[in-house]
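Here is the structure we will look at.
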Amino acid sequence: MTTEQSPRSESELVARATALAGESVGEIAARFDRKTPRTLNKAKGWIGELIELALGATAHSKPVPDFEDLGIELKTIPLNSRLTPQESTFVSTVPMTGLVGLNWENCTVKAKLNRVLWVPVEAGKDIPVAKRRIGMPMIWSPSATDAEILRADWEEHIERIALGDIDQIDARFGTYLQVRPKAPNRRELTLTTDTSGTLVSSLPRGFYLRASFTRKILADKYSGC
DNA sequence: GGATGATCATAT
DNA sequence: ATATGATCATCC
């Protein structure tokens with residue numbers, strides 16, 4: 001077995017992801033004839049790509065949800081020994097141009113966060129990558145309250161960029177959604193156009209969900225069980 | 001231990 | 001060049 005067809009429905013996708021729960025990264029990798037790296041140091045997205053492969057994701061490298069037809073975004077989420085998220089979650093590249101006409105309703109962040117399949121994976125450098133176990137998946141949409149907070153965060157960030165103030169943004173802005181570097185290195189530059197048409201050169205950034213927010217998402221879910 | 005800023009691999 | 005997949009490295 002080297003490929004998977006795309007799931008045709010949300011329930012089929014969730015069923016597939018549920019079937020992975022309890023398996024180790026190494027077991028799944030073996031089914032797809034992939035060699036598990038010794039560390040993730042030079043393969044940071046490797047587990048995410050493996051799970052995409054195992055679940056039949058279709059949108060690779062496109063700025064749309066992974067399961068485009070279903071409108072569902074796949075996110076692996078690294079859990080520490082306390083089984084809480086230990087890292088922020090990358091959502092999408094921050095747009096630097098084409099901001100005219102861009103709003104929360106038509107943006108990539110909203111499209112991706114509208115429906116997310118979280119797949120927990122054991123993390124921690126003390127656990128060999130191949131032995132890390134997959135947890136029970138969780139299909140999620142933001143509550144109305146959380147969606148409003150995400151919208152406000154996104155609008156605040158985009159407004160700063162539109163004003164040409166990208167370099168005044170740091171990771172402390174935003175309640176749930178933050179902006180951090182997303183680049184090969186800090187010498188990388190991309191061009192921004194502010195509202196007056198002035199070109200501003202800056203480090204590429206990405207939108208990330210704070211770990212404190214994903215901790216809340218998981219806590220909300222499991223508190224009801 | 002948590003948050004911030006920096007970085008790595010791959011696809012198109 | 002810019003999108004995807006994220007975790008690493010370091011400071012507080």
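In the structure tokens, chains take letters A, B, ... by order of appearance, with residues numbered from 1 within each chain and ligands from 1 in the order shown.
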List as CSV every residue of chain C that is in contact with chain A, defined as an atom at most 7 Å from one of its atoms (using only C-alpha atoms (C1' of nucleotides)), together with the nearest atom pair and the distance in Å rounded to one decimal, sorted by chain and then rising number.
```
residue,atom,partner,partner_atom,distance
C:DA3,C1',A:Ser61,CA,5.1
C:DT4,C1',A:Ser61,CA,3.9
C:DG5,C1',A:Gly45,CA,4.1
C:DA6,C1',A:Gly45,CA,4.4
C:DT7,C1',A:Lys44,CA,5.2
C:DC8,C1',A:Asn41,CA,6.7
```
Legend entry - Contact set, chain B to chain A: 6 Å, only C-alpha atoms (C1' of nucleotides), as a list in words: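 For chain B, the answer reads DT7, DC8 and DA9 of chain B.
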Residues just named, written with N, CA and C atoms (P, O5', C5', C4', C3', O3' and C1' of nucleotides) as a PDB file, in the first residue's frame:
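result_20.pdb, written as the output of this step:
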```
ATOM      1  P    DT B   7      17.979  32.207  11.768  1.00  0.00           P
ATOM      2  O5'  DT B   7      17.380  30.771  11.430  1.00  0.00           O
ATOM      3  C5'  DT B   7      17.617  29.694  12.313  1.00  0.00           C
ATOM      4  C4'  DT B   7      16.876  28.461  11.848  1.00  0.00           C
ATOM      5  C3'  DT B   7      17.117  28.090  10.397  1.00  0.00           C
ATOM      6  O3'  DT B   7      17.849  26.876  10.386  1.00  0.00           O
ATOM      7  C1'  DT B   7      14.823  27.856  11.022  1.00  0.00           C
ATOM      8  P    DC B   8      18.517  26.357   9.068  1.00  0.00           P
ATOM      9  O5'  DC B   8      17.630  25.085   8.715  1.00  0.00           O
ATOM     10  C5'  DC B   8      17.426  24.083   9.709  1.00  0.00           C
ATOM     11  C4'  DC B   8      16.537  23.013   9.136  1.00  0.00           C
ATOM     12  C3'  DC B   8      16.761  22.769   7.637  1.00  0.00           C
ATOM     13  O3'  DC B   8      16.848  21.376   7.391  1.00  0.00           O
ATOM     14  C1'  DC B   8      14.479  23.201   8.068  1.00  0.00           C
ATOM     15  P    DA B   9      17.334  20.906   5.939  1.00  0.00           P
ATOM     16  O5'  DA B   9      15.964  20.378   5.320  1.00  0.00           O
ATOM     17  C5'  DA B   9      15.309  19.290   5.970  1.00  0.00           C
ATOM     18  C4'  DA B   9      14.070  18.917   5.200  1.00  0.00           C
ATOM     19  C3'  DA B   9      14.280  18.828   3.695  1.00  0.00           C
ATOM     20  O3'  DA B   9      13.741  17.610   3.237  1.00  0.00           O
ATOM     21  C1'  DA B   9      12.458  20.264   4.178  1.00  0.00           C
TER      22       DA B   9
END
```
Inset, instruction - Could you jot down the atom CA of Ala57 of chain A to atom CA of Ser6 of chain A separation for me, Å, one decimal place? - result: 6.2 Å
Legend entry - Contacts of segment 213-215 of chain A at 12 Å (only C-alpha atoms (C1' of nucleotides); same-chain gap of 3+ positions) as a VMD selection string: chain A and resid 75 to 80 82 to 90 113 116 118 120 138 140 142 146 149 to 150 174 to 178 208 to 210 218 to 223
Let me see the file: selected residues, N, CA and C atoms, as a tab-separated table (two decimals), in the first residue's frame.
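File produced: part-v2.tsv:
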```tsv
chain	number	residue	atom	x	y	z
A	75	LYS	N	-4.67	19.14	11.08
A	75	LYS	CA	-3.54	19.63	11.87
A	75	LYS	C	-3.09	18.54	12.83
A	76	THR	N	-1.83	18.17	12.75
A	76	THR	CA	-1.29	17.33	13.81
A	76	THR	C	-0.96	18.27	14.97
A	77	ILE	N	-1.08	17.77	16.18
A	77	ILE	CA	-0.81	18.64	17.32
A	77	ILE	C	0.07	17.91	18.32
A	78	PRO	N	1.27	18.45	18.55
A	78	PRO	CA	2.23	17.76	19.42
A	78	PRO	C	1.84	17.90	20.89
A	79	LEU	N	1.71	16.77	21.57
A	79	LEU	CA	1.35	16.78	22.98
A	79	LEU	C	2.56	16.43	23.84
A	80	ASN	N	2.72	17.16	24.92
A	80	ASN	CA	3.81	16.87	25.84
A	80	ASN	C	3.41	15.72	26.79
A	82	ARG	N	2.28	15.74	29.62
A	82	ARG	CA	1.02	15.98	30.33
A	82	ARG	C	-0.18	15.91	29.39
A	83	LEU	N	0.10	15.56	28.14
A	83	LEU	CA	-0.93	15.46	27.11
A	83	LEU	C	-1.61	16.79	26.81
A	84	THR	N	-0.81	17.85	26.89
A	84	THR	CA	-1.32	19.15	26.45
A	84	THR	C	-0.40	19.66	25.34
A	85	PRO	N	-0.94	20.51	24.45
A	85	PRO	CA	-0.15	20.98	23.32
A	85	PRO	C	1.12	21.71	23.76
A	86	GLN	N	2.22	21.36	23.12
A	86	GLN	CA	3.48	21.97	23.54
A	86	GLN	C	4.01	22.99	22.54
A	87	GLU	N	3.32	23.16	21.43
A	87	GLU	CA	3.77	24.13	20.43
A	87	GLU	C	2.58	24.91	19.88
A	88	SER	N	2.87	26.06	19.32
A	88	SER	CA	1.86	26.80	18.57
A	88	SER	C	1.54	26.02	17.29
A	89	THR	N	0.47	26.43	16.63
A	89	THR	CA	0.04	25.74	15.40
A	89	THR	C	0.07	26.71	14.24
A	90	PHE	N	0.87	26.41	13.24
A	90	PHE	CA	0.92	27.24	12.05
A	90	PHE	C	-0.40	27.15	11.29
A	113	LEU	N	-9.73	27.46	9.45
A	113	LEU	CA	-10.13	27.21	10.84
A	113	LEU	C	-11.62	26.91	10.99
A	116	VAL	N	-11.63	21.88	11.51
A	116	VAL	CA	-10.28	21.33	11.67
A	116	VAL	C	-10.35	19.92	12.24
A	118	TRP	N	-8.10	17.74	14.32
A	118	TRP	CA	-6.88	17.71	15.13
A	118	TRP	C	-6.47	16.27	15.34
A	120	PRO	N	-3.74	14.39	17.50
A	120	PRO	CA	-2.68	14.52	18.50
A	120	PRO	C	-1.57	13.50	18.25
A	138	MET	N	-9.90	14.69	16.82
A	138	MET	CA	-11.02	15.53	17.27
A	138	MET	C	-11.41	16.46	16.12
A	140	TRP	N	-13.35	19.69	14.91
A	140	TRP	CA	-13.60	20.91	15.66
A	140	TRP	C	-13.97	22.07	14.76
A	142	PRO	N	-14.63	26.45	15.59
A	142	PRO	CA	-14.59	27.44	16.67
A	142	PRO	C	-16.00	27.80	17.14
A	146	ASP	N	-15.25	32.30	20.13
A	146	ASP	CA	-13.87	32.17	19.69
A	146	ASP	C	-13.68	32.67	18.26
A	149	ILE	N	-13.20	36.34	18.36
A	149	ILE	CA	-11.86	36.72	18.83
A	149	ILE	C	-10.83	36.50	17.72
A	150	LEU	N	-10.96	35.40	17.01
A	150	LEU	CA	-10.05	35.14	15.89
A	150	LEU	C	-10.19	36.22	14.82
A	174	GLY	N	-2.29	39.85	19.58
A	174	GLY	CA	-3.29	38.82	19.24
A	174	GLY	C	-3.63	37.96	20.43
A	175	THR	N	-4.92	37.76	20.66
A	175	THR	CA	-5.37	36.94	21.79
A	175	THR	C	-5.14	35.45	21.52
A	176	TYR	N	-5.63	35.01	20.37
A	176	TYR	CA	-5.48	33.60	19.98
A	176	TYR	C	-4.56	33.45	18.78
A	177	LEU	N	-4.65	34.43	17.86
A	177	LEU	CA	-3.92	34.35	16.60
A	177	LEU	C	-2.75	35.32	16.64
A	178	GLN	N	-1.55	34.80	16.50
A	178	GLN	CA	-0.36	35.65	16.54
A	178	GLN	C	0.35	35.61	15.19
A	208	TYR	N	-0.19	32.07	13.39
A	208	TYR	CA	-0.11	30.88	14.25
A	208	TYR	C	-1.17	30.96	15.34
A	209	LEU	N	-1.72	29.80	15.71
A	209	LEU	CA	-2.59	29.74	16.89
A	209	LEU	C	-1.68	29.55	18.10
A	210	ARG	N	-1.88	30.37	19.10
A	210	ARG	CA	-1.09	30.22	20.33
A	210	ARG	C	-1.34	28.84	20.96
A	218	LEU	N	-8.56	21.71	23.41
A	218	LEU	CA	-8.56	20.32	23.86
A	218	LEU	C	-9.19	20.18	25.24
A	219	ALA	N	-8.94	21.14	26.11
A	219	ALA	CA	-9.53	21.08	27.45
A	219	ALA	C	-11.05	21.16	27.38
A	220	ASP	N	-11.55	22.06	26.53
A	220	ASP	CA	-13.00	22.19	26.36
A	220	ASP	C	-13.60	20.86	25.90
A	221	LYS	N	-12.93	20.23	24.98
A	221	LYS	CA	-13.44	18.99	24.42
A	221	LYS	C	-13.51	17.88	25.48
A	222	TYR	N	-12.39	17.73	26.19
A	222	TYR	CA	-12.33	16.58	27.09
A	222	TYR	C	-13.02	16.83	28.42
A	223	SER	N	-13.27	18.10	28.73
A	223	SER	CA	-13.99	18.37	29.97
A	223	SER	C	-15.42	17.87	29.86
```
Legend entry - Among listed residues A:Glu12, A:Asp165, A:Glu27, A:Asp194, nearest Val100 of chain A (using only C-alpha atoms): A:Asp194
Legend entry - Residues flagged strand (DSSP E) by DSSP in segment 5-211 of chain A, as a PyMOL selection string: chain A and resi 73-79+89-93+116-122+138-140+177-181+190-193+199-202+205-209
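Residue nearest Phe173 of chain A within the list A:Ile158, A:Val109, A:Leu99, A:Leu203: A:Ile158 [criterion: smallest interatomic distance, only C-alpha atoms].
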Legend entry - Coordinates-based distance that separates atom CA of Gln5 of chain A from atom CA of Ser24 of chain A (Å, one decimal):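 About the pair atom CA of Ser24 of chain A and atom CA of Gln5 of chain A: they are 21.4 Å apart.
Atom pair atom CA of Asp126 of chain A / atom CA of Arg16 of chain A: separated by 28.1 Å.
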Inset, instruction - Find the residues near DC11 of chain C: any atom within 10 Å, counting only C-alpha atoms (C1' of nucleotides), skip ones fewer than 3 places away on the same chain, and give them as a count of residues only. - result: 3
